[in-house]
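Participant: First the structure, which I've put down as structure tokens, then a few questions once you've had a look.
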Amino acid sequence: MDTGTTAPASARTTARTTAITNIAALVTNDPSLGDGSPIGLIQDAAVVMDGDRVVWVGESSKAPATDNAVDAGGRAAVPGYVDSHSHLVFAGDRTQEFNARMSGRPYSAGGIRTTVAATRAATDAELSANVAKYLAEGLRQGTTTQETKSGYGLTVADEARALRVAADHTDEVTYLGAHIVAPELADDPAAYVDLVTGDMLDACAPYARWIDVFCEKGAFDGDQARAILTAGAAKGLVPRVHANQLSYGPGVQLAVGLDAASADHCTHLTDADVDALAHSRTVATLLPGAEFSTRAQWPDARRLLDAGATVALSTDCNPGSSFTSSMAFCVALAVRDMGMTPDEAIWSATAGGAAALRRTDVGRLTPGARADLVLLDAPSHVHLAYRPGVPLTRAVWRSGERVH
């Protein structure tokens, strides 16, 4: 067993150091540590933080002296969750739609229009307060890195302000003007694609890191999606794709062909789709909250993992089809209904999400990583699936600061 790893002096700061000791089981996501598994599990472990970085991990008895010490009390610790897919810039409520769907009405992309109307009518302050509310809700549960999208404005002004609002709260911002065709251009989708790739893109690109498109029947076809993503890439935005959620389609192949960071949903996959993902760096991001909330077919994570694809888990937090901010809940669903082991699920909710955001500084607890840590009120990360629905988050550190 590896007994400890230390960051080089250049990675350390002059900030006060803190050791979290007496951790029953520490998930590092570094296979060179601990038990040598993909999650690099260290028993009876400690983590040392200096400022906003991890500088040492190893066995608790070998932890170096620090300015501050926290006794984990025999609890497990995991990296902060990385939620790489959410839609938090919205207003309004779709309780009635959910209630009706649970009574037998299937989900369709058209439900998005309800939120578009409410979002357009909201003030900037109302939208900002909503984003802050759900980010704080996720943080209390252990989500320390959060991506979020526009997509409920669908005009140049409303999409740009959605991204401005999002950028005030997170660095991981995605332009999703191509969520659905705006209601006022429903009879002329080509004109809306021109808007999304023209004036809207010009207004939105300065606030975003990513560009996304809902490639699906009822939203955008393969040719339209390609044009939108290519235009975004020309502006420096990296592609992501809502792919193959409601039906088989071109989304996954388009994502891989454009070297998109992720293909999200991946519910309906051909063998060729699975093979393409397995032989690319495009991450298959699975969103079990959507299937739970729509009673749809579960994505087959086992099939993707066995093929060698990189898999992430995310909440898809949105007011219509997956109104949850709980990554722990998604871990439990993935284990119960998508064929994942507890180890695979926690990796996908942390390191997998980081891969979907092309980040190496989060999603792991190794020297040099950002000091994002979740202390669980349980002796093992397996309890996230073993005790579904139980609030197991005992404490959260983000960038070395205890925030919950």
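Each chain in the structure tokens gets a letter, A, B, ..., in the order shown, and its residues are numbered from 1; ligands are numbered from 1 in order too.
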Residues within 6 Å of Arg240 in chain A, please, as a PyMOL selection string. Count only C-alpha atoms; anything in the same chain fewer than 5 positions from it doesn't count.

Facilitator: chain A and resi 212+260-262

Participant: What lies within 12 Å of Ser103 in chain A using only C-alpha atoms, ignoring chain neighbours under 5 positions off, as a list in words?

Facilitator: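 My list of contacting residues is Gln96, Glu97, Phe98, Ser293, Thr294 and Arg295 of chain A.
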
Participant: Those selected residues, please, written with N, CA and C atoms and delivered as a short mmCIF file (atom, residue, chain, number, x, y, z; two decimals), in the first residue's frame.

Facilitator:
```
data_model
loop_
_atom_site.label_atom_id
_atom_site.label_comp_id
_atom_site.auth_asym_id
_atom_site.auth_seq_id
_atom_site.Cartn_x
_atom_site.Cartn_y
_atom_site.Cartn_z
N GLN A 96 -47.32 21.05 -12.25
CA GLN A 96 -48.50 20.48 -12.90
C GLN A 96 -48.10 19.53 -14.03
N GLU A 97 -47.07 19.93 -14.78
CA GLU A 97 -46.59 19.05 -15.86
C GLU A 97 -46.07 17.74 -15.30
N PHE A 98 -45.28 17.82 -14.22
CA PHE A 98 -44.75 16.61 -13.60
C PHE A 98 -45.89 15.72 -13.09
N SER A 293 -37.43 10.82 -13.42
CA SER A 293 -38.52 11.80 -13.39
C SER A 293 -39.45 11.71 -14.58
N THR A 294 -39.09 10.92 -15.57
CA THR A 294 -39.94 10.78 -16.75
C THR A 294 -40.37 9.33 -16.99
N ARG A 295 -39.94 8.43 -16.13
CA ARG A 295 -40.23 7.00 -16.27
C ARG A 295 -39.80 6.48 -17.64
#
```

Participant: For CA of Gly80 in chain A and CA of Ala307 in chain A, quote the distance in Å rounded to one decimal.

Facilitator: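 We find that CA of Gly80 in chain A and CA of Ala307 in chain A lie 26.9 Å from each other.
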
Participant: May I ask which of the residues A:Ala296, A:Val390, A:Leu88, A:Ile20 is the closest one to Arg75 in chain A, counting only C-alpha atoms?

Facilitator: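 Smallest separation from Arg75 in chain A among the options: A:Ile20.
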
Participant: Report as number ranges by chain all protein, DNA and RNA residues lying within 8 Å of Thr315 in chain A, evaluated on only C-alpha atoms, omitting residues in the same chain fewer than 2 positions from it.

Facilitator: A: 83, 85-86, 287-290, 313, 317, 322, 324-327, 330

Participant: Quick one: residues within 6 Å of range 39-50 of chain A, only C-alpha atoms counted, chain neighbours fewer than 5 positions away excluded, as a VMD selection string?

Facilitator: chain A and resid 15 17 to 31 33 to 34 55 to 60

Participant: Within range 229-322 of chain A, find each residue whose DSSP state, derived from the backbone, is alpha helix (DSSP H), and express the selection as JSON, numbers by chain.

Facilitator: {"A": [229, 230, 231, 232, 233, 234, 251, 252, 253, 254, 255, 256, 257, 271, 272, 273, 274, 275, 276, 277, 278, 288, 289, 290, 291, 292, 293, 294, 301, 302, 303, 304, 305, 306, 307]}
